[in-house]
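Below is input24.txt, holding compact mmCIF, C-alpha atoms.
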# COMPACT_ATOMS: atom_id res chain seq x y z
CA SER A 30 7.92 -32.43 -7.78
CA PRO A 31 8.90 -31.59 -4.17
CA GLU A 32 10.10 -28.15 -5.29
CA LEU A 33 6.77 -27.34 -6.92
CA GLN A 34 4.84 -28.63 -3.91
CA LYS A 35 6.94 -26.37 -1.69
CA ILE A 36 5.83 -23.37 -3.74
CA TYR A 37 2.18 -24.41 -3.47
CA ASP A 38 2.56 -24.76 0.30
CA GLU A 39 4.16 -21.32 0.55
CA GLU A 40 1.35 -19.75 -1.49
CA ARG A 41 -1.31 -21.09 0.90
CA VAL A 42 -0.13 -19.14 3.96
CA VAL A 43 0.75 -15.56 4.82
CA PRO A 44 4.29 -14.93 3.52
CA LEU A 45 6.01 -13.81 6.74
CA PHE A 46 9.27 -13.25 4.87
CA LYS A 47 7.61 -10.73 2.53
CA VAL A 48 5.82 -9.09 5.45
CA GLY A 49 9.21 -8.73 7.12
CA VAL A 50 10.63 -6.93 4.08
CA LEU A 51 7.65 -4.58 4.11
CA TRP A 52 8.19 -3.87 7.79
CA ALA A 53 11.89 -3.21 7.18
CA VAL A 54 11.01 -0.48 4.67
CA PHE A 55 8.32 0.93 6.97
CA VAL A 56 10.55 1.06 10.07
CA VAL A 57 13.45 2.75 8.26
CA VAL A 58 11.21 5.40 6.66
CA LEU A 59 9.47 6.04 9.97
CA ALA A 60 12.78 6.28 11.85
CA VAL A 61 14.27 8.72 9.34
CA ASN A 62 11.17 10.94 9.50
CA LEU A 63 11.38 11.08 13.30
CA LEU A 64 15.15 11.61 13.37
CA LYS A 65 14.88 14.54 10.94
CA GLY A 66 12.40 16.23 13.22
CA GLY A 67 10.23 19.19 12.36
CA GLY A 68 8.57 22.34 13.66
CA ALA A 69 6.82 20.71 16.63
CA PHE A 70 9.28 17.86 17.17
CA PRO A 71 12.97 18.87 17.31
CA SER A 72 15.37 16.37 15.80
CA PRO A 73 16.99 14.12 18.45
CA LEU A 74 20.19 14.38 16.41
CA GLY A 75 20.03 18.16 16.02
CA ILE A 76 19.28 17.98 12.28
CA GLU A 77 18.00 21.26 10.85
CA CYS A 78 16.06 21.79 7.63
CA GLY A 79 18.43 22.39 4.71
CA SER A 80 21.50 21.18 6.59
CA PRO A 81 23.82 18.49 5.19
CA GLY A 82 22.36 16.02 7.71
CA PHE A 83 18.85 16.77 6.50
CA ILE A 84 19.83 16.27 2.87
CA PHE A 85 21.71 13.07 3.67
CA SER A 86 18.80 11.58 5.63
CA THR A 87 16.35 12.40 2.84
CA VAL A 88 18.60 10.91 0.16
CA PHE A 89 19.25 7.86 2.34
CA MET A 90 15.51 7.26 2.79
CA PHE A 91 14.81 7.37 -0.95
CA ALA A 92 17.91 5.27 -1.70
CA TRP A 93 16.72 2.65 0.80
CA ILE A 94 13.32 2.45 -0.88
CA VAL A 95 14.91 2.15 -4.34
CA VAL A 96 17.37 -0.55 -3.25
CA VAL A 97 14.65 -2.65 -1.61
CA SER A 98 12.40 -2.17 -4.66
CA ILE A 99 15.13 -3.40 -7.02
CA TRP A 100 15.80 -6.38 -4.76
CA CYS A 101 12.09 -7.24 -4.65
CA ARG A 102 11.85 -7.01 -8.43
CA ASN A 103 14.76 -9.40 -8.90
CA TYR A 104 13.25 -11.79 -6.36
CA LEU A 105 9.85 -11.79 -8.07
CA ILE A 106 11.37 -12.32 -11.52
CA GLN A 107 13.47 -15.25 -10.32
CA ARG A 108 10.44 -16.79 -8.60
CA HIS A 109 8.35 -16.30 -11.75
CA HIS A 110 10.91 -18.12 -13.90
CA LEU A 111 11.08 -20.91 -11.30
CA LYS A 112 7.29 -21.30 -11.43
CA GLU A 113 7.33 -21.38 -15.22
CA ARG A 114 10.07 -24.02 -15.23
CA LEU A 115 8.23 -26.23 -12.74
CA GLY A 116 4.86 -25.85 -14.44
CA PHE A 117 3.13 -23.87 -11.70
CA GLU A 118 -0.64 -23.57 -12.32
CA TYR A 119 -1.92 -20.07 -11.77
CA VAL A 120 -5.44 -19.46 -10.47
CA GLU A 121 -7.82 -16.63 -11.31
CA GLY A 122 -6.49 -13.36 -9.95
CA ASP A 123 -2.82 -14.40 -9.83
CA ILE A 124 -0.28 -12.03 -11.35
CA LYS A 125 2.65 -13.28 -13.37
CA TRP A 126 5.50 -11.13 -12.06
CA ASP A 127 7.65 -11.17 -15.17
CA GLU A 128 10.06 -8.49 -16.39
CA THR A 129 7.24 -6.30 -17.72
CA ALA A 130 4.81 -6.63 -14.80
CA THR A 131 7.50 -5.77 -12.23
CA ILE A 132 8.01 -2.42 -13.98
CA LYS A 133 4.49 -1.58 -15.14
CA TYR A 134 2.51 -2.20 -11.96
CA PRO A 135 4.92 -0.45 -9.55
CA LEU A 136 4.83 2.58 -11.87
CA TYR A 137 1.03 2.52 -11.76
CA CYS A 138 1.12 2.42 -7.96
CA MET A 139 3.67 5.24 -7.82
CA VAL A 140 1.49 7.46 -10.03
CA ALA A 141 -1.54 6.52 -7.90
CA GLY A 142 0.36 7.53 -4.77
CA VAL A 143 1.38 10.86 -6.29
CA PHE A 144 -2.19 11.72 -7.24
CA ALA A 145 -3.48 10.55 -3.85
CA GLY A 146 -1.02 12.90 -2.15
CA MET A 147 -1.73 15.81 -4.50
CA PHE A 148 -5.50 15.71 -4.11
CA GLY A 149 -5.59 14.63 -0.46
CA ILE A 150 -7.52 11.43 -1.06
CA GLY A 151 -6.92 8.01 0.43
CA GLY A 152 -4.53 5.85 -1.53
CA GLY A 153 -6.96 2.96 -1.27
CA ILE A 154 -9.45 4.86 -3.41
CA VAL A 155 -6.89 4.72 -6.22
CA LYS A 156 -5.19 1.39 -5.58
CA GLY A 157 -8.41 -0.56 -5.04
CA PRO A 158 -9.74 0.03 -8.57
CA LEU A 159 -6.21 -0.28 -9.94
CA MET A 160 -5.80 -3.81 -8.59
CA LEU A 161 -9.26 -4.76 -9.85
CA ALA A 162 -8.19 -3.55 -13.30
CA MET A 163 -5.11 -5.78 -12.97
CA GLY A 164 -7.43 -8.77 -12.66
CA ILE A 165 -6.87 -9.39 -8.96
CA HIS A 166 -9.68 -11.12 -7.07
CA PRO A 167 -11.93 -8.55 -5.32
CA LYS A 168 -11.29 -10.02 -1.85
CA VAL A 169 -7.54 -9.98 -2.41
CA SER A 170 -7.72 -6.44 -3.79
CA SER A 171 -9.68 -5.18 -0.78
CA ALA A 172 -7.40 -6.85 1.77
CA SER A 173 -4.17 -5.81 0.02
CA SER A 174 -5.34 -2.22 -0.35
CA ALA A 175 -6.25 -2.01 3.34
CA CYS A 176 -2.87 -3.46 4.32
CA MET A 177 -0.91 -1.02 2.15
CA ILE A 178 -2.88 2.00 3.32
CA MET A 179 -2.22 1.09 6.96
CA TYR A 180 1.51 1.61 6.44
CA THR A 181 1.27 4.73 4.28
CA SER A 182 -1.33 6.37 6.53
CA PHE A 183 0.74 5.77 9.65
CA THR A 184 3.84 7.21 7.99
CA ALA A 185 1.92 10.27 6.79
CA THR A 186 0.46 10.75 10.26
CA THR A 187 3.92 10.84 11.83
CA SER A 188 4.98 13.48 9.29
CA PHE A 189 1.99 15.65 10.23
CA PHE A 190 2.80 15.12 13.91
CA VAL A 191 6.45 16.07 13.47
CA PHE A 192 5.52 19.33 11.73
CA GLY A 193 2.83 20.18 14.26
CA LEU A 194 -0.03 19.87 11.79
CA LEU A 195 -1.87 17.07 13.58
CA LYS A 196 -4.85 18.05 15.75
CA MET A 197 -4.77 15.42 18.47
CA ASP A 198 -8.42 15.83 19.50
CA TYR A 199 -9.52 15.21 15.90
CA ALA A 200 -6.97 12.43 15.49
CA VAL A 201 -8.21 10.42 18.48
CA VAL A 202 -11.84 10.67 17.37
CA CYS A 203 -11.00 9.79 13.76
CA VAL A 204 -8.86 6.78 14.77
CA ILE A 205 -11.58 5.35 17.01
CA MET A 206 -14.27 6.04 14.39
CA GLY A 207 -12.16 4.59 11.59
CA LEU A 208 -11.35 1.37 13.44
CA ALA A 209 -14.93 0.87 14.64
CA LEU A 210 -16.59 1.54 11.29
CA THR A 211 -14.02 -0.55 9.43
CA PHE A 212 -14.68 -3.47 11.78
CA VAL A 213 -18.46 -3.15 11.40
CA GLY A 214 -18.24 -2.69 7.64
CA GLN A 215 -15.92 -5.66 7.22
CA LEU A 216 -18.15 -7.97 9.23
CA GLY A 217 -21.31 -6.71 7.55
CA LEU A 218 -20.02 -6.96 4.00
CA SER A 219 -18.47 -10.39 4.66
CA ALA A 220 -21.79 -11.65 5.99
CA ILE A 221 -23.69 -10.30 2.98
CA ILE A 222 -21.17 -11.77 0.51
CA LYS A 223 -21.32 -15.14 2.26
CA ALA A 224 -25.13 -15.12 2.20
CA LEU A 225 -25.47 -14.03 -1.43
CA GLY A 226 -22.30 -15.60 -2.80
CA ARG A 227 -21.45 -12.48 -4.80
CA ASP A 228 -17.88 -11.17 -4.58
CA SER A 229 -18.90 -8.42 -7.00
CA LEU A 230 -20.35 -6.53 -4.01
CA ILE A 231 -16.78 -5.57 -3.11
CA ILE A 232 -16.37 -3.98 -6.54
CA PHE A 233 -19.65 -2.07 -6.14
CA SER A 234 -18.62 -0.84 -2.69
CA ILE A 235 -15.26 0.41 -3.99
CA ALA A 236 -16.98 2.08 -6.94
CA GLY A 237 -19.45 3.73 -4.55
CA VAL A 238 -16.68 5.12 -2.36
CA VAL A 239 -14.76 6.43 -5.38
CA GLY A 240 -17.90 8.05 -6.83
CA LEU A 241 -18.91 9.64 -3.52
CA SER A 242 -15.36 10.94 -2.99
CA ALA A 243 -15.34 12.50 -6.46
CA ILE A 244 -18.66 14.25 -5.80
CA LEU A 245 -17.59 15.55 -2.39
CA MET A 246 -14.25 16.74 -3.76
CA GLY A 247 -16.11 18.59 -6.50
CA PHE A 248 -18.39 20.33 -4.00
CA HIS A 249 -15.43 21.19 -1.78
CA SER A 250 -13.55 22.70 -4.71
CA MET A 251 -16.57 24.74 -5.78
CA ILE A 252 -17.03 26.11 -2.28
CA ALA A 253 -13.31 26.95 -2.02
CA ILE A 254 -13.42 28.79 -5.36
CA MET A 255 -16.58 30.72 -4.50
CA THR A 256 -15.40 31.70 -1.02
CA PRO A 257 -13.66 35.10 -1.15
CA GLY A 258 -10.18 35.45 0.32
As C-alpha cells, please, write out the structure in this file.
Amino acid sequence: SPELQKIYDEERVVPLFKVGVLWAVFVVVLAVNLLKGGGAFPSPLGIECGSPGFIFSTVFMFAWIVVVSIWCRNYLIQRHHLKERLGFEYVEGDIKWDETATIKYPLYCMVAGVFAGMFGIGGGIVKGPLMLAMGIHPKVSSASSACMIMYTSFTATTSFFVFGLLKMDYAVVCVIMGLALTFVGQLGLSAIIKALGRDSLIIFSIAGVVGLSAILMGFHSMIAIMTPG
C-alpha cells in the first residue's frame, strides 16, 4: 500500500524530524545550564544557587525532558501499531517499540547513564554493549552510541566550564586528540570490516574497550586507596 511504502521510504534515510526533536532537548538543557550559571560563569539572569530561580530552572529542565520523553513514547507506540496494521516487515536488528519496549529500554539507558556518571566512565562504554544485548546491528549500535555520547559529552563539558572545573589547556588537547583518533579509528575499522566482511569486529572492539576500562579503573582505585591522605 502507499502508506506502507511511505514508511519504508522514511526508514531508508536519516529521520530529520527525530534529529530535530533530539536537538530541541539538547538546546533547552544547554541553555538552562548556561542561564543558571556557576562559580566561574555568573548567571546572565542573576540566578544564585538555592534561589527560587535556580530551583525553577532545574525543575523546568527535568520537566522538559520528561514531557518530551512521554511524547516520544506515544509517537513510537502509535508508529509501531501502524506498522503492525500495515504488515511492516522488520529486518535483523530492528526494535519493535511497543508498550513494553518503550518503558524497558529507556530505563536501561537511564540506569546506564547514572552508573556512567557515578564512576566517571564514558556513557558509550555502557550503552554500546547494552544496544548489542538488545539485538541491534553492531554498525547501528556503534553509530547510535557515538551520536548519543556527542550530545551528553557536550552538555557535561558546559557544566564543568560553568563551575570552573574545566582545564582549557587539557580540553583543547583532548578534543583534538579525540577527533583525530576517532576519525582514524573509524576509517581503519571500516576498511578492515569491508575487507574481511565481519561486523563482529565492532563487538570485539567494544568488548576490548570495556575490558581495558575496567582494568584501568581497578588500578586507579587501588592506587587511590593505597595513597595516604
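Distances from A:Trp93, A:Phe189, A:Trp126, A:Trp100 to A:Met163 were compared using only C-alpha atoms, and the smallest one belongs to A:Trp126.
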Q: Quote the spacing between atom CA of A:Glu128 and atom CA of A:Arg114 in Å to one decimal place.
A: 15.6 Å
Q) Distance atom CA of A:Asn103-atom CA of A:Ile84, one decimal place? A) 28.7 Å
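The space separating atom CA of A:Ala243 from atom CA of A:Val155 comes to 11.5 Å.
Using only C-alpha atoms, the nearest neighbour of A:Ala130 within the list A:Val202, A:Leu208, A:Val42, A:Ile106 is A:Ile106.
Every protein or nucleic acid residue with an atom no more than 7 Å from stretch 59-75 of chain A, counting all atoms listed in the file and leaving out same-chain residues fewer than 6 positions away, appears here: Phe83, Ser86, Met90, Thr184, Ser188, Val191, Phe192 and Gly193 of chain A.
Distances to A:Val57 were evaluated for A:Ile232, A:Glu118, A:Phe89, A:Asp198 using all atoms listed in the file, and the minimum falls at A:Phe89.
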Q | Contact residues around A:Gly122 with all atoms listed in the file at 8 Å, ignoring same-chain residues under 5 positions, as a VMD selection string | A | chain A and resid 164 to 166
Q: Could you tell me which of A:Gly157, A:Gly82, A:Pro257, A:Gly207 comes closest to A:Gly237 if we count only C-alpha atoms?
A: A:Gly157
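Using all atoms listed in the file, the nearest neighbour of A:Thr87 within the list A:Leu161, A:His110, A:Val58, A:Met139 is A:Val58.
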Q.
At a cut-off of 10 Å, using all atoms listed in the file, what residues contact stretch 209-218 of chain A? Leave out same-chain residues fewer than 3 positions from it and give the result as a PyMOL selection string.
A. chain A and resi 175+203-206+221-224+228+230-231+234
Output file for the residues above (C-alpha atoms, as an mmCIF file, in the frame of the given file):
data_model
loop_
_atom_site.group_PDB
_atom_site.id
_atom_site.type_symbol
_atom_site.label_atom_id
_atom_site.label_comp_id
_atom_site.auth_asym_id
_atom_site.auth_seq_id
_atom_site.Cartn_x
_atom_site.Cartn_y
_atom_site.Cartn_z
ATOM 1 C CA ALA A 175 -6.250 -2.010 3.340
ATOM 2 C CA CYS A 203 -11.000 9.790 13.760
ATOM 3 C CA VAL A 204 -8.860 6.780 14.770
ATOM 4 C CA ILE A 205 -11.580 5.350 17.010
ATOM 5 C CA MET A 206 -14.270 6.040 14.390
ATOM 6 C CA ILE A 221 -23.690 -10.300 2.980
ATOM 7 C CA ILE A 222 -21.170 -11.770 0.510
ATOM 8 C CA LYS A 223 -21.320 -15.140 2.260
ATOM 9 C CA ALA A 224 -25.130 -15.120 2.200
ATOM 10 C CA ASP A 228 -17.880 -11.170 -4.580
ATOM 11 C CA LEU A 230 -20.350 -6.530 -4.010
ATOM 12 C CA ILE A 231 -16.780 -5.570 -3.110
ATOM 13 C CA SER A 234 -18.620 -0.840 -2.690
#
Q) Can you tell me, as a count of residues only, what residues are no more than 7 Å from A:Ala141 when counting only C-alpha atoms, ignoring any on the same chain fewer than 3 positions away? A) 6
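Nearest residue to A:Ile132, choosing from A:Tyr37, A:Ala53, A:Ala172, A:Leu105 and counting only C-alpha atoms: A:Leu105.
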Take stretch 163-197 of chain A from the preceding structure and save N, CA and C atoms as a compact mmCIF listing (two decimals), in the first residue's frame.
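Done, and the output landed in result.txt:
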# COMPACT_ATOMS: atom_id res chain seq x y z
N MET A 163 20.45 -5.75 23.12
CA MET A 163 19.08 -5.55 22.64
C MET A 163 18.88 -6.17 21.25
N GLY A 164 19.97 -6.62 20.63
CA GLY A 164 19.85 -7.23 19.31
C GLY A 164 20.05 -6.28 18.16
N ILE A 165 20.54 -5.06 18.46
CA ILE A 165 20.76 -4.07 17.42
C ILE A 165 22.01 -4.44 16.63
N HIS A 166 21.99 -4.17 15.33
CA HIS A 166 23.13 -4.47 14.47
C HIS A 166 24.37 -3.73 14.98
N PRO A 167 25.54 -4.38 14.98
CA PRO A 167 26.75 -3.74 15.52
C PRO A 167 27.05 -2.37 14.92
N LYS A 168 26.88 -2.20 13.60
CA LYS A 168 27.15 -0.91 12.98
C LYS A 168 26.18 0.15 13.48
N VAL A 169 24.92 -0.22 13.62
CA VAL A 169 23.91 0.71 14.12
C VAL A 169 24.19 1.05 15.58
N SER A 170 24.58 0.05 16.36
CA SER A 170 24.90 0.27 17.76
C SER A 170 26.07 1.23 17.93
N SER A 171 27.12 1.03 17.13
CA SER A 171 28.30 1.89 17.22
C SER A 171 27.97 3.32 16.83
N ALA A 172 27.24 3.49 15.73
CA ALA A 172 26.91 4.84 15.26
C ALA A 172 25.96 5.54 16.22
N SER A 173 24.96 4.82 16.72
CA SER A 173 23.98 5.42 17.63
C SER A 173 24.64 5.83 18.94
N SER A 174 25.53 4.96 19.45
CA SER A 174 26.23 5.26 20.69
C SER A 174 27.09 6.51 20.54
N ALA A 175 27.81 6.61 19.43
CA ALA A 175 28.65 7.78 19.19
C ALA A 175 27.82 9.06 19.09
N CYS A 176 26.66 8.96 18.44
CA CYS A 176 25.78 10.12 18.30
C CYS A 176 25.25 10.57 19.66
N MET A 177 24.80 9.63 20.48
CA MET A 177 24.26 9.98 21.80
C MET A 177 25.32 10.59 22.69
N ILE A 178 26.53 10.02 22.66
CA ILE A 178 27.58 10.50 23.54
C ILE A 178 28.03 11.89 23.14
N MET A 179 27.91 12.25 21.87
CA MET A 179 28.28 13.60 21.43
C MET A 179 27.45 14.64 22.18
N TYR A 180 26.15 14.39 22.30
CA TYR A 180 25.27 15.34 22.99
C TYR A 180 25.53 15.36 24.49
N THR A 181 25.61 14.20 25.10
CA THR A 181 25.80 14.15 26.55
C THR A 181 27.16 14.69 26.96
N SER A 182 28.19 14.40 26.17
CA SER A 182 29.53 14.88 26.49
C SER A 182 29.60 16.40 26.40
N PHE A 183 28.97 16.96 25.37
CA PHE A 183 28.99 18.41 25.20
C PHE A 183 28.26 19.10 26.35
N THR A 184 27.12 18.52 26.76
CA THR A 184 26.37 19.09 27.87
C THR A 184 27.17 19.01 29.17
N ALA A 185 27.81 17.88 29.41
CA ALA A 185 28.64 17.74 30.62
C ALA A 185 29.81 18.70 30.60
N THR A 186 30.39 18.91 29.43
CA THR A 186 31.52 19.83 29.30
C THR A 186 31.11 21.25 29.66
N THR A 187 29.94 21.67 29.22
CA THR A 187 29.47 23.02 29.57
C THR A 187 29.24 23.15 31.07
N SER A 188 28.78 22.09 31.72
CA SER A 188 28.59 22.13 33.17
C SER A 188 29.94 22.30 33.88
N PHE A 189 30.95 21.56 33.44
CA PHE A 189 32.28 21.71 34.02
C PHE A 189 32.83 23.12 33.77
N PHE A 190 32.56 23.67 32.59
CA PHE A 190 33.02 25.02 32.27
C PHE A 190 32.35 26.06 33.16
N VAL A 191 31.05 25.91 33.34
CA VAL A 191 30.30 26.88 34.15
C VAL A 191 30.81 26.91 35.59
N PHE A 192 31.16 25.74 36.12
CA PHE A 192 31.61 25.67 37.51
C PHE A 192 33.13 25.83 37.65
N GLY A 193 33.80 26.16 36.55
CA GLY A 193 35.23 26.42 36.62
C GLY A 193 36.08 25.19 36.84
N LEU A 194 35.58 24.03 36.45
CA LEU A 194 36.31 22.78 36.66
C LEU A 194 36.98 22.27 35.40
N LEU A 195 36.87 23.04 34.31
CA LEU A 195 37.43 22.60 33.04
C LEU A 195 38.79 23.25 32.80
N LYS A 196 39.82 22.43 32.65
CA LYS A 196 41.16 22.93 32.34
C LYS A 196 41.26 23.08 30.82
N MET A 197 41.30 24.32 30.37
CA MET A 197 41.21 24.59 28.94
C MET A 197 42.39 24.02 28.16
